[in-house]
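To keep things clear, I will list the structure first and then write my remarks on it.
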Amino acid sequence: MTASLTSLTFKEPLLQIRLKQDNLPVWLIGIVFSMDTITFTLTSIALNCVHETKKNFGKIVSAGVFLFCISLMLSGPCPGLLPDKVIIIAVGILIGGIGGACINNNVIPNINQQAQLLNVQDQNQLKNIIASINTGAFGFGSILGPILASVLQSTVGYRYAFVVVAALVLLV
């Protein structure tokens, strides 16, 4: 969850500057920013249609991490592999919404599923602990993202910053 939120909050300050460099109108930049929310919502609805007993939450979260890494590599776009085009960045943002939904919506059920193996007696305490972990990870990622964006932008530049964060997400 921390890696997911770091990635989301990391790209926002950098993406706005990058899109403005191509002289995109402000209204179009707003649409680009909302594309991951659209795919996040559609993916969340689709995953909600699958019955809980049929879901392997660990695999869904892992797939989300993989998709998030692809998203970051496209949102950069990865130097040496991809041309620096807005359409590639937009595709990366769309994929990021899918990855984010796979991660953010399934981390809690995955932790809960794993915790059930521990046979914890106090289920309320377990739910409180899981909620605290989630909230802390969410907050930490929200703080870390913009800081990481500014540090990486100033040291390695926009495109390589996305490669570094993709590597960090994969590593985590």
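Identifiers for the structure tokens are assigned positionally: chains receive A, B, ... in sequence, residues are indexed from 1 per chain, and ligands are indexed from 1 in the order shown.
Omitting stretch 101-107 of chain A and its sequence neighbours fewer than 2 positions away, and counting only C-alpha atoms, the residues within 7 Å are A:Met1, A:Phe40, A:Thr43, A:Ser44, A:Phe57, A:Ile60, A:Val61, A:Gly64, A:Val65, A:Gly97, A:Ile98, A:Gly99, A:Pro109, A:Asn110, A:Ile111.
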Within 7 Å of stretch 11-26 of chain A, which residues of stretch 52-164 of chain A come that close, and what is the closest atom pair and distance in Å for each? Count only C-alpha atoms and give it as a tab-separated table.
residue	atom	partner	partner_atom	distance
A:Pro146	CA	A:Pro13	CA	6.9
A:Ala149	CA	A:Leu14	CA	6.8
A:Tyr158	CA	A:Leu14	CA	7.0
Could you check how far atom CA of A:Cys69 sits from atom CA of A:Phe162, in Å to one decimal?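 One can read the atom CA of A:Cys69 to atom CA of A:Phe162 distance as 9.1 Å.
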Would you mind telling me which residue in A:Asn119, A:Gln125, A:Arg159, A:Ala167 lies nearest to A:Ile70 when using only C-alpha atoms?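 The shortest atom-to-atom distance to A:Ile70 comes from A:Ala167.
Considering the residues A:Val50, A:Ala166, A:Leu5, A:Ile108 and counting only C-alpha atoms, A:Ser75 has its shortest atom-to-atom contact with A:Ala166.
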Nearby residues (only C-alpha atoms) at most 9 Å from stretch 131-141 of chain A, same-chain spacing under 2 positions excluded, as a JSON list (two decimals) with all heavy atoms, in the first residue's frame:
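Result file is result.json:
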[["chain", "number", "residue", "atom", "x", "y", "z"],
["A", 1, "MET", "N", 0.83, -1.19, 0.00],
["A", 1, "MET", "CA", 0.00, 0.00, 0.00],
["A", 1, "MET", "C", 0.87, 1.25, 0.00],
["A", 1, "MET", "O", 0.58, 2.20, -0.71],
["A", 1, "MET", "CB", -0.92, -0.02, 1.21],
["A", 1, "MET", "CG", -1.88, 1.14, 1.26],
["A", 1, "MET", "SD", -3.00, 1.22, -0.11],
["A", 1, "MET", "CE", -4.46, 0.66, 0.63],
["A", 2, "THR", "N", 1.94, 1.23, 0.76],
["A", 2, "THR", "CA", 2.84, 2.39, 0.79],
["A", 2, "THR", "C", 3.44, 2.63, -0.59],
["A", 2, "THR", "O", 3.49, 3.76, -1.07],
["A", 2, "THR", "CB", 3.96, 2.19, 1.83],
["A", 2, "THR", "OG1", 3.36, 2.12, 3.12],
["A", 2, "THR", "CG2", 4.95, 3.34, 1.82],
["A", 3, "ALA", "N", 3.89, 1.56, -1.25],
["A", 3, "ALA", "CA", 4.48, 1.70, -2.58],
["A", 3, "ALA", "C", 3.45, 2.24, -3.58],
["A", 3, "ALA", "O", 3.76, 3.10, -4.41],
["A", 3, "ALA", "CB", 5.03, 0.36, -3.06],
["A", 4, "SER", "N", 2.23, 1.76, -3.48],
["A", 4, "SER", "CA", 1.17, 2.21, -4.38],
["A", 4, "SER", "C", 0.87, 3.69, -4.18],
["A", 4, "SER", "O", 0.82, 4.46, -5.14],
["A", 4, "SER", "CB", -0.09, 1.38, -4.13],
["A", 4, "SER", "OG", -1.18, 1.88, -4.86],
["A", 5, "LEU", "N", 0.70, 4.11, -2.93],
["A", 5, "LEU", "CA", 0.39, 5.51, -2.67],
["A", 5, "LEU", "C", 1.58, 6.42, -2.96],
["A", 5, "LEU", "O", 1.41, 7.55, -3.40],
["A", 5, "LEU", "CB", -0.08, 5.70, -1.23],
["A", 5, "LEU", "CG", -1.59, 5.71, -1.07],
["A", 5, "LEU", "CD1", -2.23, 6.88, -1.75],
["A", 5, "LEU", "CD2", -2.26, 4.44, -1.50],
["A", 6, "THR", "N", 2.78, 5.94, -2.72],
["A", 6, "THR", "CA", 3.97, 6.71, -3.06],
["A", 6, "THR", "C", 3.99, 6.98, -4.56],
["A", 6, "THR", "O", 4.24, 8.09, -5.00],
["A", 6, "THR", "CB", 5.26, 5.96, -2.64],
["A", 6, "THR", "OG1", 5.26, 5.82, -1.23],
["A", 6, "THR", "CG2", 6.50, 6.71, -3.07],
["A", 7, "SER", "N", 3.68, 5.94, -5.34],
["A", 7, "SER", "CA", 3.68, 6.09, -6.79],
["A", 7, "SER", "C", 2.62, 7.07, -7.26],
["A", 7, "SER", "O", 2.86, 7.88, -8.15],
["A", 7, "SER", "CB", 3.45, 4.73, -7.46],
["A", 7, "SER", "OG", 4.46, 3.84, -7.12],
["A", 8, "LEU", "N", 1.45, 6.98, -6.66],
["A", 8, "LEU", "CA", 0.37, 7.89, -7.05],
["A", 8, "LEU", "C", 0.71, 9.34, -6.72],
["A", 8, "LEU", "O", 0.54, 10.23, -7.55],
["A", 8, "LEU", "CB", -0.94, 7.50, -6.35],
["A", 8, "LEU", "CG", -1.62, 6.24, -6.86],
["A", 8, "LEU", "CD1", -2.78, 5.87, -5.95],
["A", 8, "LEU", "CD2", -2.10, 6.44, -8.29],
["A", 9, "THR", "N", 1.19, 9.57, -5.51],
["A", 9, "THR", "CA", 1.47, 10.95, -5.11],
["A", 9, "THR", "C", 2.79, 11.45, -5.69],
["A", 9, "THR", "O", 3.01, 12.65, -5.76],
["A", 9, "THR", "CB", 1.46, 11.10, -3.58],
["A", 9, "THR", "OG1", 2.44, 10.22, -3.02],
["A", 9, "THR", "CG2", 0.09, 10.78, -3.01],
["A", 10, "PHE", "N", 3.64, 10.55, -6.12],
["A", 10, "PHE", "CA", 4.90, 10.89, -6.76],
["A", 10, "PHE", "C", 4.67, 11.51, -8.13],
["A", 10, "PHE", "O", 5.26, 12.51, -8.49],
["A", 10, "PHE", "CB", 5.76, 9.61, -6.89],
["A", 10, "PHE", "CG", 6.78, 9.66, -7.98],
["A", 10, "PHE", "CD1", 8.00, 10.28, -7.77],
["A", 10, "PHE", "CD2", 6.53, 9.08, -9.21],
["A", 10, "PHE", "CE1", 8.95, 10.32, -8.78],
["A", 10, "PHE", "CE2", 7.46, 9.12, -10.21],
["A", 10, "PHE", "CZ", 8.68, 9.74, -10.00],
["A", 107, "VAL", "N", -5.49, -5.24, -0.69],
["A", 107, "VAL", "CA", -4.49, -5.40, 0.35],
["A", 107, "VAL", "C", -5.15, -5.79, 1.67],
["A", 107, "VAL", "O", -4.71, -6.73, 2.33],
["A", 107, "VAL", "CB", -3.65, -4.11, 0.52],
["A", 107, "VAL", "CG1", -2.86, -4.13, 1.81],
["A", 107, "VAL", "CG2", -2.71, -3.94, -0.65],
["A", 108, "ILE", "N", -6.19, -5.11, 2.06],
["A", 108, "ILE", "CA", -6.87, -5.40, 3.33],
["A", 108, "ILE", "C", -7.44, -6.82, 3.34],
["A", 108, "ILE", "O", -7.18, -7.58, 4.27],
["A", 108, "ILE", "CB", -7.96, -4.36, 3.65],
["A", 108, "ILE", "CG1", -7.36, -2.99, 3.84],
["A", 108, "ILE", "CG2", -8.79, -4.78, 4.86],
["A", 108, "ILE", "CD1", -6.48, -2.87, 5.06],
["A", 126, "LEU", "N", -8.01, -7.66, 15.72],
["A", 126, "LEU", "CA", -7.34, -7.95, 14.45],
["A", 126, "LEU", "C", -7.76, -6.93, 13.38],
["A", 126, "LEU", "O", -6.90, -6.39, 12.67],
["A", 126, "LEU", "CB", -7.67, -9.37, 13.98],
["A", 126, "LEU", "CG", -7.08, -9.77, 12.63],
["A", 126, "LEU", "CD1", -5.57, -9.77, 12.68],
["A", 126, "LEU", "CD2", -7.62, -11.15, 12.23],
["A", 127, "LYS", "N", -9.04, -6.64, 13.27],
["A", 127, "LYS", "CA", -9.53, -5.66, 12.30],
["A", 127, "LYS", "C", -8.95, -4.27, 12.59],
["A", 127, "LYS", "O", -8.60, -3.54, 11.67],
["A", 127, "LYS", "CB", -11.05, -5.62, 12.29],
["A", 127, "LYS", "CG", -11.66, -6.84, 11.66],
["A", 127, "LYS", "CD", -13.17, -6.79, 11.70],
["A", 127, "LYS", "CE", -13.73, -8.09, 11.14],
["A", 127, "LYS", "NZ", -15.17, -8.14, 11.19],
["A", 128, "ASN", "N", -8.86, -3.91, 13.86],
["A", 128, "ASN", "CA", -8.28, -2.62, 14.23],
["A", 128, "ASN", "C", -6.81, -2.54, 13.85],
["A", 128, "ASN", "O", -6.34, -1.51, 13.35],
["A", 128, "ASN", "CB", -8.45, -2.35, 15.72],
["A", 128, "ASN", "CG", -9.89, -2.09, 16.11],
["A", 128, "ASN", "OD1", -10.71, -1.75, 15.26],
["A", 128, "ASN", "ND2", -10.20, -2.28, 17.37],
["A", 129, "ILE", "N", -6.08, -3.61, 14.07],
["A", 129, "ILE", "CA", -4.65, -3.64, 13.72],
["A", 129, "ILE", "C", -4.48, -3.52, 12.21],
["A", 129, "ILE", "O", -3.65, -2.74, 11.72],
["A", 129, "ILE", "CB", -3.99, -4.92, 14.27],
["A", 129, "ILE", "CG1", -3.91, -4.87, 15.79],
["A", 129, "ILE", "CG2", -2.60, -5.12, 13.67],
["A", 129, "ILE", "CD1", -3.54, -6.19, 16.43],
["A", 143, "ILE", "N", 2.98, 10.95, 2.00],
["A", 143, "ILE", "CA", 4.04, 11.89, 2.38],
["A", 143, "ILE", "C", 5.29, 11.65, 1.53],
["A", 143, "ILE", "O", 5.92, 12.59, 1.04],
["A", 143, "ILE", "CB", 4.39, 11.75, 3.88],
["A", 143, "ILE", "CG1", 3.21, 12.19, 4.74],
["A", 143, "ILE", "CG2", 5.65, 12.51, 4.24],
["A", 143, "ILE", "CD1", 3.32, 11.79, 6.19],
["A", 144, "LEU", "N", 5.63, 10.39, 1.37],
["A", 144, "LEU", "CA", 6.87, 10.02, 0.68],
["A", 144, "LEU", "C", 6.86, 10.37, -0.81],
["A", 144, "LEU", "O", 7.88, 10.79, -1.36],
["A", 144, "LEU", "CB", 7.11, 8.52, 0.87],
["A", 144, "LEU", "CG", 8.44, 7.95, 0.46],
["A", 144, "LEU", "CD1", 9.57, 8.64, 1.20],
["A", 144, "LEU", "CD2", 8.47, 6.45, 0.73],
["A", 145, "GLY", "N", 5.71, 10.23, -1.46],
["A", 145, "GLY", "CA", 5.62, 10.45, -2.91],
["A", 145, "GLY", "C", 6.10, 11.81, -3.39],
["A", 145, "GLY", "O", 7.02, 11.89, -4.21]]
Straight-line distance linking atom CA of A:Leu67 with atom CA of A:Gly92, stated in Å to one decimal: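 Computed distance, atom CA of A:Leu67 to atom CA of A:Gly92, equals 9.3 Å.
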Write down as number ranges by chain the residues of stretch 62-120 of chain A whose backbone DSSP state falls under alpha helix (DSSP H). A: 62-75, 86-104, 107-116
Could you tell me how far atom CA of A:Val165 sits from atom CA of A:Leu72, in Å to one decimal place?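 These atoms are spaced 7.4 Å apart.
Residue nearest A:Pro79, chosen from A:Ile38, A:Leu47, A:Val164, A:Ile147 and counting only C-alpha atoms: A:Val164.
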Which residues come within 7 Å of A:Gly96, counting only C-alpha atoms, excluding same-chain residues fewer than 6 positions away, as number ranges by chain? A: 36, 67-68, 71
